[in-house]
>>> print(open('upload02.pdb').read())   # PDB, C-alpha atoms
MODEL        1
ATOM      1  CA  MET A   1       0.000   0.000   0.000  1.00  0.00           C
ATOM      2  CA  SER A   2       1.164   3.529  -0.714  1.00  0.00           C
ATOM      3  CA  LEU A   3      -0.333   7.001  -0.402  1.00  0.00           C
ATOM      4  CA  LEU A   4       0.739   9.898  -2.560  1.00  0.00           C
ATOM      5  CA  GLY A   5       1.696  13.165  -0.879  1.00  0.00           C
ATOM      6  CA  ASN A   6       0.643  16.722  -1.556  1.00  0.00           C
ATOM      7  CA  ASP A   7       3.102  16.978  -4.460  1.00  0.00           C
ATOM      8  CA  ASP A   8       0.699  14.795  -6.425  1.00  0.00           C
ATOM      9  CA  PRO A   9      -0.484  16.879  -9.422  1.00  0.00           C
ATOM     10  CA  LYS A  10      -3.985  15.515  -8.785  1.00  0.00           C
ATOM     11  CA  TYR A  11      -4.147  16.927  -5.271  1.00  0.00           C
ATOM     12  CA  GLN A  12      -7.422  18.846  -4.966  1.00  0.00           C
ATOM     13  CA  VAL A  13      -7.110  22.408  -3.710  1.00  0.00           C
ATOM     14  CA  GLY A  14     -10.240  24.039  -2.329  1.00  0.00           C
ATOM     15  CA  PRO A  15     -13.797  22.719  -2.553  1.00  0.00           C
ATOM     16  CA  PRO A  16     -14.386  19.546  -4.563  1.00  0.00           C
ATOM     17  CA  PRO A  17     -15.473  19.885  -8.193  1.00  0.00           C
ATOM     18  CA  ALA A  18     -19.236  20.259  -8.411  1.00  0.00           C
ATOM     19  CA  PRO A  19     -21.600  18.717 -10.974  1.00  0.00           C
ATOM     20  CA  GLU A  20     -22.617  22.211 -12.082  1.00  0.00           C
ATOM     21  CA  MET A  21     -19.057  22.668 -13.366  1.00  0.00           C
ATOM     22  CA  THR A  22     -19.253  19.775 -15.828  1.00  0.00           C
ATOM     23  CA  PRO A  23     -19.589  20.275 -19.591  1.00  0.00           C
ATOM     24  CA  GLU A  24     -22.955  19.373 -21.057  1.00  0.00           C
ATOM     25  CA  ALA A  25     -21.711  16.186 -22.751  1.00  0.00           C
ATOM     26  CA  VAL A  26     -20.462  14.650 -19.484  1.00  0.00           C
ATOM     27  CA  ILE A  27     -22.653  12.092 -17.697  1.00  0.00           C
ATOM     28  CA  VAL A  28     -23.132  13.214 -14.094  1.00  0.00           C
ATOM     29  CA  SER A  29     -23.312  10.405 -11.560  1.00  0.00           C
ATOM     30  CA  PRO A  30     -26.491  10.884  -9.498  1.00  0.00           C
ATOM     31  CA  ASP A  31     -24.734  10.655  -6.125  1.00  0.00           C
ATOM     32  CA  THR A  32     -22.714  13.795  -6.908  1.00  0.00           C
ATOM     33  CA  ARG A  33     -25.945  15.777  -6.671  1.00  0.00           C
ATOM     34  CA  ARG A  34     -26.567  14.830  -3.026  1.00  0.00           C
ATOM     35  CA  ALA A  35     -26.549  17.669  -0.518  1.00  0.00           C
ATOM     36  CA  ASN A  36     -23.878  15.753   1.412  1.00  0.00           C
ATOM     37  CA  ARG A  37     -21.676  13.827  -1.012  1.00  0.00           C
ATOM     38  CA  VAL A  38     -19.651  12.022   1.675  1.00  0.00           C
ATOM     39  CA  PRO A  39     -21.307   8.741   2.763  1.00  0.00           C
ATOM     40  CA  PRO A  40     -21.609   7.752   6.441  1.00  0.00           C
ATOM     41  CA  GLY A  41     -18.291   6.772   8.015  1.00  0.00           C
ATOM     42  CA  GLN A  42     -16.258   8.318   5.188  1.00  0.00           C
ATOM     43  CA  VAL A  43     -13.978  11.382   5.080  1.00  0.00           C
ATOM     44  CA  ARG A  44     -13.027  13.424   2.060  1.00  0.00           C
ATOM     45  CA  THR A  45      -9.464  13.130   0.793  1.00  0.00           C
ATOM     46  CA  ARG A  46      -7.911  15.750  -1.445  1.00  0.00           C
ATOM     47  CA  LYS A  47      -5.290  13.249  -2.614  1.00  0.00           C
ATOM     48  CA  TRP A  48      -5.484  10.554  -5.277  1.00  0.00           C
ATOM     49  CA  PRO A  49      -4.564   7.585  -3.052  1.00  0.00           C
ATOM     50  CA  VAL A  50      -3.150   4.272  -4.176  1.00  0.00           C
ATOM     51  CA  LEU A  51      -4.524   1.261  -2.372  1.00  0.00           C
ATOM     52  CA  HIS A  52      -4.474  -2.355  -3.492  1.00  0.00           C
ATOM     53  CA  TRP A  53      -3.669  -5.876  -2.450  1.00  0.00           C
ATOM     54  CA  GLY A  54      -0.830  -7.832  -4.029  1.00  0.00           C
ATOM     55  CA  HIS A  55       1.286  -6.897  -7.009  1.00  0.00           C
ATOM     56  CA  VAL A  56       0.690  -4.272  -9.682  1.00  0.00           C
ATOM     57  CA  PRO A  57       0.587  -5.989 -13.064  1.00  0.00           C
ATOM     58  CA  THR A  58       2.231  -4.473 -16.110  1.00  0.00           C
ATOM     59  CA  ILE A  59       0.069  -5.057 -19.175  1.00  0.00           C
ATOM     60  CA  PRO A  60       1.573  -3.896 -22.478  1.00  0.00           C
ATOM     61  CA  LYS A  61      -1.232  -2.498 -24.598  1.00  0.00           C
ATOM     62  CA  GLU A  62      -0.345  -4.815 -27.469  1.00  0.00           C
ATOM     63  CA  HIS A  63      -1.089  -7.746 -25.140  1.00  0.00           C
ATOM     64  CA  TRP A  64      -4.153  -6.263 -23.419  1.00  0.00           C
ATOM     65  CA  ARG A  65      -7.469  -7.995 -24.044  1.00  0.00           C
ATOM     66  CA  LEU A  66     -10.957  -7.521 -22.608  1.00  0.00           C
ATOM     67  CA  ASP A  67     -13.346 -10.478 -22.746  1.00  0.00           C
ATOM     68  CA  ILE A  68     -17.114 -10.107 -22.316  1.00  0.00           C
ATOM     69  CA  ASN A  69     -18.602 -13.559 -21.900  1.00  0.00           C
ATOM     70  CA  GLY A  70     -20.905 -15.850 -19.935  1.00  0.00           C
ATOM     71  CA  LEU A  71     -24.659 -15.533 -20.386  1.00  0.00           C
ATOM     72  CA  VAL A  72     -24.528 -13.501 -23.579  1.00  0.00           C
ATOM     73  CA  GLU A  73     -25.610 -14.165 -27.152  1.00  0.00           C
ATOM     74  CA  GLN A  74     -22.354 -12.929 -28.677  1.00  0.00           C
ATOM     75  CA  PRO A  75     -19.191 -13.249 -26.552  1.00  0.00           C
ATOM     76  CA  LEU A  76     -16.613 -10.673 -27.557  1.00  0.00           C
ATOM     77  CA  ARG A  77     -12.911 -10.045 -27.079  1.00  0.00           C
ATOM     78  CA  PHE A  78     -11.435  -6.603 -27.658  1.00  0.00           C
ATOM     79  CA  THR A  79      -7.831  -5.720 -28.331  1.00  0.00           C
ATOM     80  CA  TRP A  80      -6.622  -2.340 -27.108  1.00  0.00           C
ATOM     81  CA  ASP A  81      -7.023  -0.785 -30.560  1.00  0.00           C
ATOM     82  CA  GLU A  82     -10.519  -2.237 -30.947  1.00  0.00           C
ATOM     83  CA  PHE A  83     -11.464  -0.938 -27.513  1.00  0.00           C
ATOM     84  CA  GLN A  84     -10.208   2.532 -28.441  1.00  0.00           C
ATOM     85  CA  ASP A  85     -12.392   2.508 -31.566  1.00  0.00           C
ATOM     86  CA  LEU A  86     -15.603   2.002 -29.546  1.00  0.00           C
ATOM     87  CA  PRO A  87     -17.901   4.966 -28.777  1.00  0.00           C
ATOM     88  CA  ARG A  88     -16.637   6.798 -25.703  1.00  0.00           C
ATOM     89  CA  ILE A  89     -18.252   8.597 -22.777  1.00  0.00           C
ATOM     90  CA  LYS A  90     -17.115  10.945 -20.026  1.00  0.00           C
ATOM     91  CA  VAL A  91     -18.432  10.550 -16.478  1.00  0.00           C
ATOM     92  CA  PHE A  92     -18.266  12.867 -13.471  1.00  0.00           C
ATOM     93  CA  ALA A  93     -18.426  10.769 -10.298  1.00  0.00           C
ATOM     94  CA  ASP A  94     -17.346  10.469  -6.691  1.00  0.00           C
ATOM     95  CA  PHE A  95     -15.166   7.565  -5.556  1.00  0.00           C
ATOM     96  CA  HIS A  96     -15.591   5.866  -2.168  1.00  0.00           C
ATOM     97  CA  CYS A  97     -13.036   3.431  -0.758  1.00  0.00           C
ATOM     98  CA  VAL A  98     -14.158   0.917   1.865  1.00  0.00           C
ATOM     99  CA  THR A  99     -11.149   1.996   3.966  1.00  0.00           C
ATOM    100  CA  ARG A 100     -13.164   5.176   4.691  1.00  0.00           C
ATOM    101  CA  TRP A 101     -11.810   7.786   2.282  1.00  0.00           C
ATOM    102  CA  SER A 102     -13.768   9.434  -0.511  1.00  0.00           C
ATOM    103  CA  ARG A 103     -12.372  11.421  -3.428  1.00  0.00           C
ATOM    104  CA  LEU A 104     -15.028  13.743  -4.792  1.00  0.00           C
ATOM    105  CA  GLY A 105     -15.352  15.033  -8.329  1.00  0.00           C
ATOM    106  CA  ASN A 106     -13.504  12.603 -10.592  1.00  0.00           C
ATOM    107  CA  PHE A 107     -13.665  12.851 -14.363  1.00  0.00           C
ATOM    108  CA  TRP A 108     -13.500   9.438 -16.017  1.00  0.00           C
ATOM    109  CA  GLU A 109     -13.389   8.621 -19.706  1.00  0.00           C
ATOM    110  CA  GLY A 110     -13.750   5.293 -21.480  1.00  0.00           C
ATOM    111  CA  VAL A 111     -16.406   2.960 -22.855  1.00  0.00           C
ATOM    112  CA  ALA A 112     -19.852   2.723 -21.297  1.00  0.00           C
ATOM    113  CA  VAL A 113     -20.811  -0.592 -19.727  1.00  0.00           C
ATOM    114  CA  ARG A 114     -24.117  -0.272 -21.556  1.00  0.00           C
ATOM    115  CA  GLU A 115     -22.289  -0.075 -24.871  1.00  0.00           C
ATOM    116  CA  LEU A 116     -20.451  -3.318 -24.104  1.00  0.00           C
ATOM    117  CA  LEU A 117     -23.622  -5.073 -22.932  1.00  0.00           C
ATOM    118  CA  ARG A 118     -25.492  -3.931 -26.019  1.00  0.00           C
ATOM    119  CA  ARG A 119     -22.870  -5.499 -28.267  1.00  0.00           C
ATOM    120  CA  VAL A 120     -22.841  -8.888 -26.525  1.00  0.00           C
ATOM    121  CA  ARG A 121     -26.657  -9.036 -26.078  1.00  0.00           C
ATOM    122  CA  VAL A 122     -27.188 -10.168 -22.511  1.00  0.00           C
ATOM    123  CA  ARG A 123     -29.405 -13.204 -21.994  1.00  0.00           C
ATOM    124  CA  PRO A 124     -32.488 -12.812 -19.759  1.00  0.00           C
ATOM    125  CA  ASP A 125     -31.184 -15.348 -17.212  1.00  0.00           C
ATOM    126  CA  ALA A 126     -28.126 -13.185 -16.410  1.00  0.00           C
ATOM    127  CA  ARG A 127     -28.514 -11.492 -13.035  1.00  0.00           C
ATOM    128  CA  PHE A 128     -24.951 -10.937 -11.793  1.00  0.00           C
ATOM    129  CA  VAL A 129     -21.513 -10.003 -13.105  1.00  0.00           C
ATOM    130  CA  VAL A 130     -18.061 -11.287 -12.196  1.00  0.00           C
ATOM    131  CA  ALA A 131     -15.224  -8.902 -13.052  1.00  0.00           C
ATOM    132  CA  THR A 132     -11.757 -10.460 -13.339  1.00  0.00           C
ATOM    133  CA  GLY A 133      -8.479  -8.559 -13.160  1.00  0.00           C
ATOM    134  CA  TYR A 134      -5.035  -9.186 -14.580  1.00  0.00           C
ATOM    135  CA  ASP A 135      -3.698  -9.351 -11.015  1.00  0.00           C
ATOM    136  CA  SER A 136      -3.512 -13.138 -10.574  1.00  0.00           C
ATOM    137  CA  GLY A 137      -7.137 -13.751 -11.444  1.00  0.00           C
ATOM    138  CA  TRP A 138      -8.577 -11.432  -8.767  1.00  0.00           C
ATOM    139  CA  THR A 139     -12.373 -11.198  -9.027  1.00  0.00           C
ATOM    140  CA  THR A 140     -15.286  -9.223  -7.642  1.00  0.00           C
ATOM    141  CA  ASN A 141     -19.033  -9.707  -8.012  1.00  0.00           C
ATOM    142  CA  LEU A 142     -21.778  -7.194  -8.778  1.00  0.00           C
ATOM    143  CA  PRO A 143     -25.523  -7.319  -9.394  1.00  0.00           C
ATOM    144  CA  LEU A 144     -26.253  -6.720 -13.061  1.00  0.00           C
ATOM    145  CA  ALA A 145     -28.717  -4.012 -11.981  1.00  0.00           C
ATOM    146  CA  ASP A 146     -25.822  -1.957 -10.535  1.00  0.00           C
ATOM    147  CA  PHE A 147     -23.386  -2.807 -13.310  1.00  0.00           C
ATOM    148  CA  ASP A 148     -25.850  -1.759 -16.022  1.00  0.00           C
ATOM    149  CA  SER A 149     -25.916   1.893 -14.940  1.00  0.00           C
ATOM    150  CA  GLU A 150     -25.608   4.980 -17.093  1.00  0.00           C
ATOM    151  CA  ASP A 151     -22.509   6.145 -15.207  1.00  0.00           C
ATOM    152  CA  ALA A 152     -20.686   2.777 -15.203  1.00  0.00           C
ATOM    153  CA  LEU A 153     -17.795   2.378 -17.617  1.00  0.00           C
ATOM    154  CA  VAL A 154     -14.513   0.701 -18.414  1.00  0.00           C
ATOM    155  CA  ALA A 155     -12.235   3.693 -17.957  1.00  0.00           C
ATOM    156  CA  ASP A 156      -8.789   4.360 -19.364  1.00  0.00           C
ATOM    157  CA  THR A 157      -8.578   8.051 -18.420  1.00  0.00           C
ATOM    158  CA  HIS A 158      -8.861   9.886 -15.096  1.00  0.00           C
ATOM    159  CA  ASP A 159      -9.005  13.673 -14.800  1.00  0.00           C
ATOM    160  CA  GLY A 160      -7.744  14.026 -18.347  1.00  0.00           C
ATOM    161  CA  HIS A 161      -4.750  11.690 -18.022  1.00  0.00           C
ATOM    162  CA  PRO A 162      -4.277   8.039 -19.001  1.00  0.00           C
ATOM    163  CA  LEU A 163      -4.695   5.707 -16.039  1.00  0.00           C
ATOM    164  CA  ASP A 164      -1.352   4.733 -14.573  1.00  0.00           C
ATOM    165  CA  GLU A 165      -0.629   1.198 -13.428  1.00  0.00           C
ATOM    166  CA  ASP A 166      -1.068   1.946  -9.727  1.00  0.00           C
ATOM    167  CA  HIS A 167      -4.611   3.137 -10.336  1.00  0.00           C
ATOM    168  CA  GLY A 168      -5.621   0.216 -12.542  1.00  0.00           C
ATOM    169  CA  GLY A 169      -4.256   1.161 -15.956  1.00  0.00           C
ATOM    170  CA  PRO A 170      -4.412   0.634 -18.749  1.00  0.00           C
ATOM    171  CA  ALA A 171      -8.145   0.165 -18.034  1.00  0.00           C
ATOM    172  CA  ARG A 172     -10.329  -0.445 -15.014  1.00  0.00           C
ATOM    173  CA  LEU A 173     -13.992  -0.822 -14.219  1.00  0.00           C
ATOM    174  CA  ILE A 174     -15.801   2.136 -12.636  1.00  0.00           C
ATOM    175  CA  VAL A 175     -19.183   1.606 -10.937  1.00  0.00           C
ATOM    176  CA  PRO A 176     -19.594   4.830  -8.917  1.00  0.00           C
ATOM    177  CA  GLN A 177     -22.581   3.823  -6.780  1.00  0.00           C
ATOM    178  CA  LEU A 178     -20.660   1.000  -5.040  1.00  0.00           C
ATOM    179  CA  TYR A 179     -17.511   0.957  -2.898  1.00  0.00           C
ATOM    180  CA  ALA A 180     -14.386   1.235  -5.020  1.00  0.00           C
ATOM    181  CA  TRP A 181     -13.210  -2.369  -4.631  1.00  0.00           C
ATOM    182  CA  LYS A 182     -16.151  -3.305  -6.891  1.00  0.00           C
ATOM    183  CA  SER A 183     -14.563  -1.170  -9.628  1.00  0.00           C
ATOM    184  CA  ALA A 184     -12.014  -3.807 -10.580  1.00  0.00           C
ATOM    185  CA  LYS A 185      -8.544  -2.542 -11.451  1.00  0.00           C
ATOM    186  CA  TRP A 186      -6.668  -3.945 -14.480  1.00  0.00           C
ATOM    187  CA  VAL A 187      -9.908  -5.436 -15.766  1.00  0.00           C
ATOM    188  CA  LYS A 188      -9.455  -8.465 -17.984  1.00  0.00           C
ATOM    189  CA  ALA A 189     -12.884 -10.092 -18.244  1.00  0.00           C
ATOM    190  CA  ILE A 190     -16.534  -9.379 -17.537  1.00  0.00           C
ATOM    191  CA  THR A 191     -18.625 -12.507 -17.147  1.00  0.00           C
ATOM    192  CA  LEU A 192     -22.425 -12.541 -16.937  1.00  0.00           C
ATOM    193  CA  VAL A 193     -23.703 -15.250 -14.572  1.00  0.00           C
ATOM    194  CA  PRO A 194     -27.098 -16.421 -13.210  1.00  0.00           C
ATOM    195  CA  ASP A 195     -26.189 -16.484  -9.519  1.00  0.00           C
ATOM    196  CA  ASP A 196     -24.096 -14.383  -7.183  1.00  0.00           C
ATOM    197  CA  ALA A 197     -20.475 -15.602  -7.138  1.00  0.00           C
ATOM    198  CA  PRO A 198     -18.457 -13.893  -4.381  1.00  0.00           C
ATOM    199  CA  GLY A 199     -15.037 -12.657  -5.419  1.00  0.00           C
ATOM    200  CA  TYR A 200     -11.708 -12.394  -3.620  1.00  0.00           C
ATOM    201  CA  TRP A 201     -12.571  -9.855  -0.931  1.00  0.00           C
ATOM    202  CA  GLU A 202     -16.147 -11.048  -0.624  1.00  0.00           C
ATOM    203  CA  ARG A 203     -14.980 -14.557   0.272  1.00  0.00           C
ATOM    204  CA  LEU A 204     -12.832 -12.966   2.987  1.00  0.00           C
ATOM    205  CA  GLY A 205     -15.803 -11.209   4.552  1.00  0.00           C
ATOM    206  CA  TYR A 206     -16.420  -8.072   2.520  1.00  0.00           C
ATOM    207  CA  HIS A 207     -20.035  -7.352   1.665  1.00  0.00           C
ATOM    208  CA  ASN A 208     -21.442  -8.962  -1.470  1.00  0.00           C
ATOM    209  CA  HIS A 209     -23.129  -5.717  -2.525  1.00  0.00           C
ATOM    210  CA  GLY A 210     -21.046  -2.802  -1.195  1.00  0.00           C
ATOM    211  CA  ASP A 211     -23.368   0.210  -1.058  1.00  0.00           C
ATOM    212  CA  PRO A 212     -21.443   3.069   0.626  1.00  0.00           C
ATOM    213  CA  TRP A 213     -24.611   4.928   1.590  1.00  0.00           C
ATOM    214  CA  THR A 214     -25.788   2.071   3.805  1.00  0.00           C
ATOM    215  CA  GLU A 215     -22.222   1.178   4.913  1.00  0.00           C
ATOM    216  CA  GLU A 216     -22.252  -2.288   3.368  1.00  0.00           C
ATOM    217  CA  ARG A 217     -18.588  -2.856   4.201  1.00  0.00           C
ATOM    218  CA  PHE A 218     -18.631  -6.372   5.611  1.00  0.00           C
ATOM    219  CA  ASN A 219     -20.978  -9.343   5.681  1.00  0.00           C
ATOM    220  CA  GLU A 220     -22.732  -9.895   8.988  1.00  0.00           C
TER     221      GLU A 220
ENDMDL
END
>>> encode(input="upload02.pdb", output="structure tokens")
Amino acid sequence: MSLLGNDDPKYQVGPPPAPEMTPEAVIVSPDTRRANRVPPGQVRTRKWPVLHWGHVPTIPKEHWRLDINGLVEQPLRFTWDEFQDLPRIKVFADFHCVTRWSRLGNFWEGVAVRELLRRVRVRPDARFVVATGYDSGWTTNLPLADFDSEDALVADTHDGHPLDEDHGGPARLIVPQLYAWKSAKWVKAITLVPDDAPGYWERLGYHNHGDPWTEERFNE
């Protein structure tokens, strides 16, 4: 684990960016419009922290692949160049880590989850998603209802800069309405499944759902 200091160029000075500041074409995550944007038990950080378990994988873009499979009519695999050719979105969202820090007002850019799901044509018996990372097969689970949100995306850009390796680059999942561990770093595969399939942290006691507004940190 490491935390960047105040010399980080992404250190936020002053109040957090507000949704009213976003350009018209940017999708605004609904939670950024709350009167109090910091969920219970959280504190705002001005930094752009680095927090992860295990090693940080290095994935050359020429070797990067993203698989969308499972309960879909048309499984797909994207190379980096193919991924870059897909329609892109920009999202303004807050980011809540289960370790109790929140970074408010992040600008993400990448490919909408809904765009990916539209291309693979999800079967009606799919109810959950398993996201797999390049970091030794790490997984996390999400309800399809949360995954299939307007502000969810596979992001390769944060605050106007390409994602670095420490923050999940070259591409990571972003699902703003859930705790950040559900937004799998170094995403490698997205698998649609019929039943909930707890991932790495969930099997160790983290909550299967992970809603920060109801403090779903750990399973009872």
>>> resolve_selection(input="upload02.pdb", expression="the PyMOL selection byres ((chain A and resi 123) around 7)", output="compact mmCIF listing (two decimals) with C-alpha atoms, keeping the file's coordinate frame")
# COMPACT_ATOMS: atom_id res chain seq x y z
CA LEU A 71 -24.66 -15.53 -20.39
CA VAL A 72 -24.53 -13.50 -23.58
CA GLU A 73 -25.61 -14.16 -27.15
CA ARG A 121 -26.66 -9.04 -26.08
CA VAL A 122 -27.19 -10.17 -22.51
CA PRO A 124 -32.49 -12.81 -19.76
CA ASP A 125 -31.18 -15.35 -17.21
CA ALA A 126 -28.13 -13.18 -16.41
>>> residues_near_point(input="upload02.pdb", point="(-15.3, -3.5, 5.8)", cutoff="7 Å", atoms="only C-alpha atoms", output="list in words")
Val98, Tyr206, Arg217 and Phe218 of chain A
>>> residues_around(input="upload02.pdb", residues="A:His161", least_positions_apart="4", cutoff="10 Å", atoms="only C-alpha atoms", output="number ranges by chain")
A: 107-109, 156-157
>>> resolve_selection(input="upload02.pdb", expression="the PyMOL selection byres ((chain A and resi 188) around 12)", output="PyMOL selection string")
chain A and resi 57+59+63-69+77-80+130-140+154+168-173+184-187+189-191
>>> atom_distance(input="upload02.pdb", atom1="atom CA of A:Ala180", atom2="atom CA of A:Gln74")
28.7 Å
>>> closest_residue(input="upload02.pdb", among="A:Lys61, A:Arg44, A:Arg127, A:Arg33", to="A:Asp196", atoms="all atoms listed in the file")
A:Arg127
>>> closest_residue(input="upload02.pdb", among="A:Leu117, A:Pro87, A:Glu24, A:Pro49", to="A:Ser102", atoms="all atoms listed in the file")
A:Pro49
>>> residues_near_point(input="upload02.pdb", point="(-24.5, -14.9, -4.6)", cutoff="12 Å", atoms="only C-alpha atoms", output="ChimeraX atom specification")
/A:127-130,140-144,193-199,202-203,207-209
>>> atom_distance(input="upload02.pdb", atom1="atom CA of A:Phe83", atom2="atom CA of A:Tyr200")
26.5 Å
>>> closest_residue(input="upload02.pdb", among="A:Asp31, A:Asp94, A:Glu150, A:Glu216", to="A:Pro16", atoms="only C-alpha atoms")
A:Asp94
>>> resolve_selection(input="upload02.pdb", expression="the PyMOL selection byres ((chain A and resi 28) around 8)", output="PDB file with C-alpha atoms, in the frame of the given file")
ATOM      1  CA  PRO A  19     -21.600  18.717 -10.974  1.00  0.00           C
ATOM      2  CA  THR A  22     -19.253  19.775 -15.828  1.00  0.00           C
ATOM      3  CA  VAL A  26     -20.462  14.650 -19.484  1.00  0.00           C
ATOM      4  CA  ILE A  27     -22.653  12.092 -17.697  1.00  0.00           C
ATOM      5  CA  SER A  29     -23.312  10.405 -11.560  1.00  0.00           C
ATOM      6  CA  PRO A  30     -26.491  10.884  -9.498  1.00  0.00           C
ATOM      7  CA  THR A  32     -22.714  13.795  -6.908  1.00  0.00           C
ATOM      8  CA  VAL A  91     -18.432  10.550 -16.478  1.00  0.00           C
ATOM      9  CA  PHE A  92     -18.266  12.867 -13.471  1.00  0.00           C
ATOM     10  CA  ALA A  93     -18.426  10.769 -10.298  1.00  0.00           C
ATOM     11  CA  ASP A 151     -22.509   6.145 -15.207  1.00  0.00           C
TER      12      ASP A 151
END
